[in-house]
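Trainee: First, the structure itself, so that you have it in front of you.
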Amino acid sequence: MSILLSQRVQQIKPSATLAVSAKAAELRAAGRDVIGLGTGEPDFDTPEHIKEAAIEALKRGDTKYTAVDGTAALKSAIIEKFQRDNQLEYTAANILVSSGAKQTLYNLCQALLGDADEAIIPAPYWVSYPAMVKLAGAEPVLIKAPASQNFKITPAQLEAAITPKTRLLFLNSPSNPTGVAYSREEFAALGQVLDDYPHVIIASDEIYEHIYWGKAPFCSFATACPHLIDRIVVVNGASKVFAMTGWRLGYGAGPVDLIAPMKKIQSQSTSNPCSLSQAAAVAALNGPMTSVHQMVKAFKERHDYLIPALNAVDGIQCLSCDGAFYAFPDFSQLVARAGVRDDVQLAERILEQVDLALVPGTAFGAPGFIRISYAAGMETLTTAVQRLEDFVAAI
């Protein structure tokens, strides 16, 4: 029997990062010694005090439904986090807790976008942004931000992309996949453009906020542009900074007139996030950051090894990062030398020949590039670089 699927599902593809991880796992199960550097997941365990908070919540019997938009305790911790880290003032009505930052962004698209609307997405982008926009019936409008611009869009590019149909702008800093972050001054310049377009909402994805080592202190878009606060949804979560990817806990803060319909969307999809994950997130946000600092120190050390090591490989060029745990090198010379069609085919060839799983840049809107996660131990990374060198030597 042939099942007729909806147009919306037919126009999107599965997540490329998850597909690469699944392929690597399949090959490992078949006995191959595959190194997978595709997944955006810290290789550290959730800190003990956070796990203990979940265990205590379980013992207390906190296993029932919570409020759709999150518990009062967690909302309070999130409000304090924004005050402490970003100098932003919110009330409980401004906060929505979801099953991961991804769901927060999805709720936003569903609540805001419709047919004939447009959403501006700087490229390179996180793989799910365009799919979320399409699932809401809207059209992604991509702004190419090349390596020569340090993967950042300019005010002139932003202004040229805005039309009367534009409803949403995605900003991600530090960025997945590039690891670069916008400065306060760069955000302020973009904010000046947005002053003239009050119909545009800004989604500021700050999930990698604390995995950061830029020269200047981290700056939220909302902190840089406080006059736009009624048009900004700041999205964050526990997954990356507290090594809690499997706990599925994210949150957003924004104007009540937008958070309320996002809550309504969530009430008809997943309802509340996991009660135990919420209890754990309270401990994470209110607790010590010692383990986070140790994790970030390790990521920075890996970054400082990996970027020069990649640049030392003939045919690879890679910019330094400000945070996150991704390198985004240019492999376009190797695409040509290997005689393959594109970066997708090149990544397949690398996996086949040297058992190294990487995510092609096409999935992030940057053909010719490849994303390499350094959420892996130093020994794994040095072996991965050696395998890349072996691959290059063979072509």
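Residue names in the structure tokens use chain letters A, B, ... in the order shown, residue numbers from 1 in each chain, and ligand numbers from 1 in the order shown.
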So which residues touch stretch 256-268 of chain A within 8 Å, counting only C-alpha atoms, skipping near sequence neighbours fewer than 5 positions away, as a list in words?

Mentor: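 These residues fall inside the cut-off: Val68, Asp69, Ala93, Asn94, Ile95, Leu96, Ser98, Thr104, Asn107, Leu108, Gln110, Ala111 and Leu112 of chain A.
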
Trainee: List the spatial neighbours of A:Ala336 as a list in words - criterion: any atom at most 10 Å away, only C-alpha atoms, same-chain residues fewer than 4 positions off excluded.

Mentor: Gly315, Phe331, Ser332, Val340, Arg341, Asp342, Asp343, Leu346 and Gly368 of chain A

Trainee: Those selected residues, please, written with N, CA and C atoms and delivered as a PDB file, in the first residue's frame.

Mentor:
```
ATOM      1  N   GLY A 315      45.366  21.054   2.074  1.00  0.00           N
ATOM      2  CA  GLY A 315      44.057  21.150   1.446  1.00  0.00           C
ATOM      3  C   GLY A 315      42.929  21.506   2.390  1.00  0.00           C
ATOM      4  N   PHE A 331      36.833  22.213   3.164  1.00  0.00           N
ATOM      5  CA  PHE A 331      37.363  21.022   2.498  1.00  0.00           C
ATOM      6  C   PHE A 331      37.234  21.116   0.980  1.00  0.00           C
ATOM      7  N   SER A 332      36.926  22.303   0.446  1.00  0.00           N
ATOM      8  CA  SER A 332      36.616  22.408  -0.977  1.00  0.00           C
ATOM      9  C   SER A 332      37.789  21.996  -1.872  1.00  0.00           C
ATOM     10  N   VAL A 340      35.377  13.952  -6.316  1.00  0.00           N
ATOM     11  CA  VAL A 340      34.006  13.632  -5.906  1.00  0.00           C
ATOM     12  C   VAL A 340      33.095  14.795  -6.259  1.00  0.00           C
ATOM     13  N   ARG A 341      31.793  14.546  -6.160  1.00  0.00           N
ATOM     14  CA  ARG A 341      30.796  15.526  -6.576  1.00  0.00           C
ATOM     15  C   ARG A 341      30.758  16.734  -5.635  1.00  0.00           C
ATOM     16  N   ASP A 342      30.792  16.466  -4.331  1.00  0.00           N
ATOM     17  CA  ASP A 342      30.619  17.542  -3.356  1.00  0.00           C
ATOM     18  C   ASP A 342      31.077  17.073  -1.983  1.00  0.00           C
ATOM     19  N   ASP A 343      30.839  17.910  -0.975  1.00  0.00           N
ATOM     20  CA  ASP A 343      31.265  17.587   0.378  1.00  0.00           C
ATOM     21  C   ASP A 343      30.509  16.390   0.946  1.00  0.00           C
ATOM     22  N   LEU A 346      32.296  13.488  -0.393  1.00  0.00           N
ATOM     23  CA  LEU A 346      33.613  13.441   0.242  1.00  0.00           C
ATOM     24  C   LEU A 346      33.512  12.849   1.641  1.00  0.00           C
ATOM     25  N   GLY A 368      31.031  22.481   0.652  1.00  0.00           N
ATOM     26  CA  GLY A 368      32.489  22.526   0.630  1.00  0.00           C
ATOM     27  C   GLY A 368      33.126  22.483   2.002  1.00  0.00           C
TER      28      GLY A 368
END
```

Trainee: DSSP on the backbone, alpha helix (DSSP H) only: what residues of stretch 58-283 of chain A does that give? Format it as an MDAnalysis selection string.

Mentor: chainID A and resid 58:60 72:86 101:112 128:135 155:161 184:194 221:224 256:267 275:283

Trainee: Could you make a table, as a tab-separated table, of the residues of stretch 185-236 of chain A that have an atom within 12 Å of an atom of stretch 122-137 of chain A, each with its nearest atom pair and distance in Å to one decimal, counting only C-alpha atoms, in chain and number order?

Mentor:
```
residue	atom	partner	partner_atom	distance
A:Ala203	CA	A:Tyr129	CA	10.6
A:Asp205	CA	A:Trp126	CA	10.0
A:Ile207	CA	A:Trp126	CA	11.6
```

Trainee: Would you mind telling me which residue in A:Ala280, A:Ile120, A:Ala188, A:Met1 lies nearest to A:Ser239 when using only C-alpha atoms?

Mentor: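 Checking each candidate against A:Ser239, we get A:Ala280 as the closest.
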
Trainee: Of the candidates A:Tyr305, A:Ser373, A:Glu206, A:Asp117, which shows the shortest atom-to-atom distance to A:Thr166, using only C-alpha atoms?

Mentor: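 Looking at the shortest contact to A:Thr166, the residue is A:Asp117.
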
Trainee: Between A:Ala283, A:Ile35, A:Ala366, A:Leu319, which has the minimum distance to A:Leu306 (counting only C-alpha atoms)?

Mentor: A:Leu319

Trainee: Excluding A:Leu356 and its own-chain neighbours fewer than 6 positions away, which residues fall within 9 Å of it when counting only C-alpha atoms? Please give them as a list in words.

Mentor: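 Non-adjacent residues within range: Ala24, Asp33, Val34, Ile35, Gly36, Leu37, Ala347, Ile350, Ala384, Arg387 and Leu388 of chain A.
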
Trainee: Please measure the separation of atom CA of A:Ser320 and atom CA of A:Pro217, giving the value in Å to one decimal.

Mentor: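 Result for atom CA of A:Ser320 versus atom CA of A:Pro217: 16.9 Å, one decimal.
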
Trainee: For a quick check of understanding, using only C-alpha atoms, which of A:Val235, A:Ala67, A:Leu168, A:Ala145 has the smallest distance to A:Gly114?

Mentor: A:Leu168

Trainee: What's around stretch 40-46 of chain A at 7 Å? Count only C-alpha atoms, leave out sequence neighbours fewer than 3 positions away in its own chain, and write the answer as a ChimeraX atom specification.

Mentor: /A:50-51,240,242-245,373,375-376

Trainee: Near A:Ala101, within 6 Å and counting only C-alpha atoms, which residues show up once chain neighbours fewer than 3 positions away are dropped, as a list in words?

Mentor: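 My list of contacting residues is Thr104, Asn236, Gly237, Gly250 and Tyr251 of chain A.
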
Trainee: What does the structure give for the distance between atom CA of A:Cys318 and atom CA of A:Asp330, in Å to one decimal?

Mentor: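 Straight-line distance from atom CA of A:Cys318 to atom CA of A:Asp330 works out to 6.1 Å.
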
Trainee: Residues at most 9 Å from stretch 76-92 of chain A, counting only C-alpha atoms, excluding those fewer than 4 positions away in the same chain, as a PyMOL selection string?

Mentor: chain A and resi 71-72+96+218-220+222-223+226+251+253-254+281-283+285-286

Trainee: Can you pull out the residues contacting A:Ala298? Cut-off 10 Å, using only C-alpha atoms, and skip same-chain residues under 3 positions away; I want them as an mmCIF file with all heavy atoms, in the first residue's frame.

Mentor:
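For reference, around.cif as written:
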```
data_model
loop_
_atom_site.group_PDB
_atom_site.id
_atom_site.type_symbol
_atom_site.label_atom_id
_atom_site.label_comp_id
_atom_site.auth_asym_id
_atom_site.auth_seq_id
_atom_site.Cartn_x
_atom_site.Cartn_y
_atom_site.Cartn_z
ATOM 1 N N VAL A 292 31.198 22.922 34.981
ATOM 2 C CA VAL A 292 31.074 23.587 33.678
ATOM 3 C C VAL A 292 32.406 24.204 33.281
ATOM 4 O O VAL A 292 32.863 24.059 32.139
ATOM 5 C CB VAL A 292 29.971 24.666 33.723
ATOM 6 C CG1 VAL A 292 29.929 25.446 32.409
ATOM 7 C CG2 VAL A 292 28.616 24.030 34.010
ATOM 8 N N HIS A 293 33.043 24.874 34.211
ATOM 9 C CA HIS A 293 34.335 25.502 33.921
ATOM 10 C C HIS A 293 35.385 24.455 33.540
ATOM 11 O O HIS A 293 36.204 24.682 32.638
ATOM 12 C CB HIS A 293 34.814 26.305 35.132
ATOM 13 C CG HIS A 293 33.918 27.457 35.463
ATOM 14 N ND1 HIS A 293 33.793 27.970 36.746
ATOM 15 C CD2 HIS A 293 33.082 28.190 34.697
ATOM 16 C CE1 HIS A 293 32.933 28.968 36.745
ATOM 17 N NE2 HIS A 293 32.489 29.115 35.515
ATOM 18 N N GLN A 294 35.358 23.317 34.197
ATOM 19 C CA GLN A 294 36.303 22.241 33.868
ATOM 20 C C GLN A 294 36.040 21.707 32.473
ATOM 21 O O GLN A 294 36.981 21.438 31.703
ATOM 22 C CB GLN A 294 36.187 21.122 34.899
ATOM 23 C CG GLN A 294 36.678 21.509 36.290
ATOM 24 C CD GLN A 294 36.348 20.469 37.339
ATOM 25 O OE1 GLN A 294 35.527 19.571 37.131
ATOM 26 N NE2 GLN A 294 36.981 20.580 38.509
ATOM 27 N N MET A 295 34.769 21.549 32.126
ATOM 28 C CA MET A 295 34.411 21.059 30.802
ATOM 29 C C MET A 295 34.829 22.053 29.719
ATOM 30 O O MET A 295 35.411 21.666 28.700
ATOM 31 C CB MET A 295 32.899 20.807 30.748
ATOM 32 C CG MET A 295 32.398 20.232 29.439
ATOM 33 S SD MET A 295 30.642 19.757 29.505
ATOM 34 C CE MET A 295 29.862 21.374 29.686
ATOM 35 N N GLU A 301 41.103 23.452 25.297
ATOM 36 C CA GLU A 301 42.364 22.759 25.028
ATOM 37 C C GLU A 301 42.269 21.939 23.741
ATOM 38 O O GLU A 301 43.214 21.911 22.941
ATOM 39 C CB GLU A 301 42.721 21.844 26.207
ATOM 40 C CG GLU A 301 43.131 22.613 27.457
ATOM 41 C CD GLU A 301 43.279 21.716 28.679
ATOM 42 O OE1 GLU A 301 42.895 20.518 28.581
ATOM 43 O OE2 GLU A 301 43.765 22.206 29.715
ATOM 44 N N ARG A 302 41.133 21.296 23.531
ATOM 45 C CA ARG A 302 40.949 20.518 22.308
ATOM 46 C C ARG A 302 40.911 21.439 21.092
ATOM 47 O O ARG A 302 41.485 21.126 20.044
ATOM 48 C CB ARG A 302 39.651 19.708 22.399
ATOM 49 C CG ARG A 302 39.669 18.668 23.507
ATOM 50 C CD ARG A 302 38.282 18.083 23.706
ATOM 51 N NE ARG A 302 38.192 17.243 24.902
ATOM 52 C CZ ARG A 302 37.087 16.635 25.294
ATOM 53 N NH1 ARG A 302 35.962 16.772 24.589
ATOM 54 N NH2 ARG A 302 37.075 15.890 26.386
ATOM 55 N N HIS A 303 40.220 22.567 21.234
ATOM 56 C CA HIS A 303 40.180 23.556 20.166
ATOM 57 C C HIS A 303 41.587 24.013 19.796
ATOM 58 O O HIS A 303 41.955 24.080 18.621
ATOM 59 C CB HIS A 303 39.335 24.753 20.617
ATOM 60 C CG HIS A 303 39.497 25.984 19.776
ATOM 61 N ND1 HIS A 303 40.496 26.913 20.004
ATOM 62 C CD2 HIS A 303 38.805 26.446 18.707
ATOM 63 C CE1 HIS A 303 40.400 27.882 19.123
ATOM 64 N NE2 HIS A 303 39.384 27.625 18.328
ATOM 65 N N ASP A 304 42.376 24.319 20.820
ATOM 66 C CA ASP A 304 43.723 24.841 20.579
ATOM 67 C C ASP A 304 44.629 23.802 19.925
ATOM 68 O O ASP A 304 45.609 24.162 19.252
ATOM 69 C CB ASP A 304 44.342 25.318 21.891
ATOM 70 C CG ASP A 304 43.651 26.571 22.420
ATOM 71 O OD1 ASP A 304 42.847 27.177 21.680
ATOM 72 O OD2 ASP A 304 43.902 26.928 23.592
ATOM 73 N N TYR A 374 34.502 18.465 18.424
ATOM 74 C CA TYR A 374 35.596 18.070 19.316
ATOM 75 C C TYR A 374 35.084 17.812 20.728
ATOM 76 O O TYR A 374 35.792 18.001 21.724
ATOM 77 C CB TYR A 374 36.776 19.039 19.291
ATOM 78 C CG TYR A 374 36.495 20.511 19.366
ATOM 79 C CD1 TYR A 374 36.418 21.159 20.581
ATOM 80 C CD2 TYR A 374 36.365 21.269 18.204
ATOM 81 C CE1 TYR A 374 36.206 22.525 20.650
ATOM 82 C CE2 TYR A 374 36.150 22.637 18.255
ATOM 83 C CZ TYR A 374 36.070 23.253 19.477
ATOM 84 O OH TYR A 374 35.851 24.614 19.544
ATOM 85 N N ALA A 375 33.841 17.323 20.789
ATOM 86 C CA ALA A 375 33.314 16.778 22.037
ATOM 87 C C ALA A 375 33.763 15.324 22.130
ATOM 88 O O ALA A 375 32.967 14.389 22.190
ATOM 89 C CB ALA A 375 31.795 16.886 22.067
ATOM 90 N N ALA A 376 35.056 15.154 22.118
ATOM 91 C CA ALA A 376 35.701 13.836 22.172
ATOM 92 C C ALA A 376 37.069 14.021 22.798
ATOM 93 O O ALA A 376 37.644 15.112 22.734
ATOM 94 C CB ALA A 376 35.828 13.236 20.772
ATOM 95 N N GLY A 377 37.608 12.971 23.389
ATOM 96 C CA GLY A 377 38.891 13.051 24.076
ATOM 97 C C GLY A 377 40.041 13.381 23.137
ATOM 98 O O GLY A 377 39.975 13.161 21.927
ATOM 99 N N MET A 378 41.134 13.874 23.714
ATOM 100 C CA MET A 378 42.283 14.291 22.918
ATOM 101 C C MET A 378 42.879 13.131 22.122
ATOM 102 O O MET A 378 43.294 13.299 20.969
ATOM 103 C CB MET A 378 43.345 14.912 23.830
ATOM 104 C CG MET A 378 44.427 15.648 23.070
ATOM 105 S SD MET A 378 43.833 17.164 22.266
ATOM 106 C CE MET A 378 43.777 18.272 23.673
#
```

Trainee: Given the choices A:Ala57, A:Gly100, A:Thr63, A:Gly365, which gets closest to A:Val141 if the distance is worked out from only C-alpha atoms?

Mentor: A:Gly365

Trainee: Please identify which residues in stretch 28-168 of chain A DSSP calls strand (DSSP E) from the backbone, and express them as a short mmCIF file (atom, residue, chain, number, x, y, z; two decimals) with all heavy atoms, in the first residue's frame.

Mentor:
```cif
data_model
loop_
_atom_site.label_atom_id
_atom_site.label_comp_id
_atom_site.auth_asym_id
_atom_site.auth_seq_id
_atom_site.Cartn_x
_atom_site.Cartn_y
_atom_site.Cartn_z
N ILE A 35 35.48 6.25 14.20
CA ILE A 35 35.49 7.43 15.06
C ILE A 35 34.38 8.34 14.59
O ILE A 35 34.36 8.76 13.44
CB ILE A 35 36.85 8.15 15.00
CG1 ILE A 35 37.96 7.30 15.62
CG2 ILE A 35 36.77 9.50 15.73
CD1 ILE A 35 39.33 7.92 15.53
N GLY A 36 33.44 8.64 15.47
CA GLY A 36 32.34 9.52 15.12
C GLY A 36 32.52 10.89 15.72
O GLY A 36 32.51 11.05 16.94
N ILE A 95 8.34 33.24 30.54
CA ILE A 95 9.17 32.04 30.45
C ILE A 95 8.34 30.84 29.98
O ILE A 95 7.24 30.61 30.47
CB ILE A 95 9.80 31.70 31.81
CG1 ILE A 95 10.55 32.90 32.39
CG2 ILE A 95 10.72 30.47 31.69
CD1 ILE A 95 11.73 33.36 31.57
N LEU A 96 8.90 30.08 29.05
CA LEU A 96 8.33 28.80 28.65
C LEU A 96 9.42 27.74 28.72
O LEU A 96 10.48 27.88 28.10
CB LEU A 96 7.79 28.85 27.22
CG LEU A 96 7.29 27.53 26.63
CD1 LEU A 96 6.10 26.99 27.42
CD2 LEU A 96 6.93 27.69 25.16
N VAL A 97 9.18 26.68 29.50
CA VAL A 97 10.10 25.55 29.61
C VAL A 97 9.59 24.44 28.69
O VAL A 97 8.40 24.13 28.68
CB VAL A 97 10.19 25.04 31.06
CG1 VAL A 97 11.23 23.92 31.16
CG2 VAL A 97 10.51 26.17 32.01
N SER A 98 10.50 23.86 27.91
CA SER A 98 10.12 22.87 26.90
C SER A 98 11.01 21.64 26.98
O SER A 98 12.00 21.62 27.72
CB SER A 98 10.19 23.48 25.50
OG SER A 98 9.40 24.64 25.39
N GLU A 118 8.10 34.77 5.74
CA GLU A 118 9.51 34.48 5.52
C GLU A 118 10.27 34.54 6.85
O GLU A 118 9.92 35.33 7.74
CB GLU A 118 10.14 35.48 4.55
CG GLU A 118 9.55 35.40 3.14
CD GLU A 118 10.11 36.46 2.20
OE1 GLU A 118 10.79 37.40 2.69
OE2 GLU A 118 9.86 36.35 0.99
N ALA A 119 11.29 33.70 6.96
CA ALA A 119 12.17 33.71 8.13
C ALA A 119 13.61 33.78 7.63
O ALA A 119 14.02 32.95 6.81
CB ALA A 119 11.97 32.48 8.99
N ILE A 120 14.36 34.75 8.13
CA ILE A 120 15.74 34.94 7.71
C ILE A 120 16.66 34.06 8.54
O ILE A 120 16.59 34.06 9.77
CB ILE A 120 16.15 36.41 7.83
CG1 ILE A 120 15.34 37.26 6.86
CG2 ILE A 120 17.65 36.58 7.57
CD1 ILE A 120 15.58 38.75 7.02
N ILE A 121 17.51 33.31 7.85
CA ILE A 121 18.44 32.39 8.51
C ILE A 121 19.85 32.63 7.99
O ILE A 121 20.12 32.37 6.80
CB ILE A 121 18.04 30.92 8.25
CG1 ILE A 121 16.60 30.67 8.70
CG2 ILE A 121 19.00 29.98 8.94
CD1 ILE A 121 16.09 29.28 8.34
N PRO A 122 20.76 33.14 8.80
CA PRO A 122 22.16 33.24 8.36
C PRO A 122 22.74 31.86 8.11
O PRO A 122 22.50 30.91 8.88
CB PRO A 122 22.85 33.92 9.54
CG PRO A 122 21.75 34.63 10.28
CD PRO A 122 20.55 33.75 10.12
N ALA A 123 23.48 31.73 7.04
CA ALA A 123 24.14 30.47 6.69
C ALA A 123 25.65 30.66 6.73
O ALA A 123 26.15 31.64 6.18
CB ALA A 123 23.71 30.00 5.31
N GLU A 139 8.70 30.29 4.44
CA GLU A 139 9.83 30.14 3.52
C GLU A 139 11.12 30.61 4.19
O GLU A 139 11.21 31.76 4.64
CB GLU A 139 9.60 30.96 2.26
CG GLU A 139 10.61 30.76 1.17
CD GLU A 139 10.60 29.36 0.57
OE1 GLU A 139 9.53 28.72 0.59
OE2 GLU A 139 11.65 28.92 0.08
N PRO A 140 12.15 29.74 4.25
CA PRO A 140 13.45 30.18 4.76
C PRO A 140 14.14 31.10 3.75
O PRO A 140 14.15 30.79 2.55
CB PRO A 140 14.24 28.88 4.93
CG PRO A 140 13.25 27.77 4.77
CD PRO A 140 12.14 28.31 3.93
N VAL A 141 14.67 32.19 4.21
CA VAL A 141 15.45 33.10 3.38
C VAL A 141 16.87 33.09 3.93
O VAL A 141 17.11 33.51 5.07
CB VAL A 141 14.87 34.54 3.41
CG1 VAL A 141 15.78 35.49 2.65
CG2 VAL A 141 13.46 34.55 2.84
N LEU A 142 17.80 32.58 3.15
CA LEU A 142 19.17 32.39 3.63
C LEU A 142 20.05 33.59 3.30
O LEU A 142 20.01 34.12 2.19
CB LEU A 142 19.77 31.13 3.02
CG LEU A 142 18.97 29.84 3.19
CD1 LEU A 142 19.72 28.67 2.57
CD2 LEU A 142 18.67 29.57 4.66
N ILE A 143 20.85 34.01 4.27
CA ILE A 143 21.89 35.01 4.05
C ILE A 143 23.23 34.30 4.16
O ILE A 143 23.57 33.76 5.22
CB ILE A 143 21.84 36.14 5.10
CG1 ILE A 143 20.49 36.86 5.08
CG2 ILE A 143 22.96 37.14 4.83
CD1 ILE A 143 20.39 37.97 6.12
N LYS A 144 23.99 34.30 3.09
CA LYS A 144 25.29 33.63 3.09
C LYS A 144 26.32 34.48 3.85
O LYS A 144 26.55 35.65 3.52
CB LYS A 144 25.77 33.40 1.66
CG LYS A 144 24.85 32.51 0.84
CD LYS A 144 24.86 31.08 1.34
CE LYS A 144 24.04 30.16 0.44
NZ LYS A 144 24.01 28.76 0.94
N THR A 166 8.80 39.25 5.94
CA THR A 166 9.71 38.75 6.98
C THR A 166 9.03 38.82 8.35
O THR A 166 8.56 39.87 8.77
CB THR A 166 11.00 39.58 7.02
OG1 THR A 166 11.60 39.61 5.74
CG2 THR A 166 11.98 38.97 8.02
N ARG A 167 8.99 37.68 9.03
CA ARG A 167 8.41 37.64 10.37
C ARG A 167 9.44 37.29 11.44
O ARG A 167 9.25 37.61 12.61
CB ARG A 167 7.28 36.59 10.43
CG ARG A 167 6.12 36.85 9.50
CD ARG A 167 5.38 38.14 9.84
NE ARG A 167 5.05 38.27 11.26
CZ ARG A 167 4.07 37.59 11.88
NH1 ARG A 167 3.33 36.73 11.21
NH2 ARG A 167 3.84 37.79 13.15
N LEU A 168 10.53 36.60 11.04
CA LEU A 168 11.44 36.04 12.03
C LEU A 168 12.88 36.07 11.53
O LEU A 168 13.13 35.85 10.34
CB LEU A 168 11.03 34.59 12.33
CG LEU A 168 11.80 33.82 13.41
CD1 LEU A 168 11.66 34.47 14.77
CD2 LEU A 168 11.30 32.37 13.47
#
```
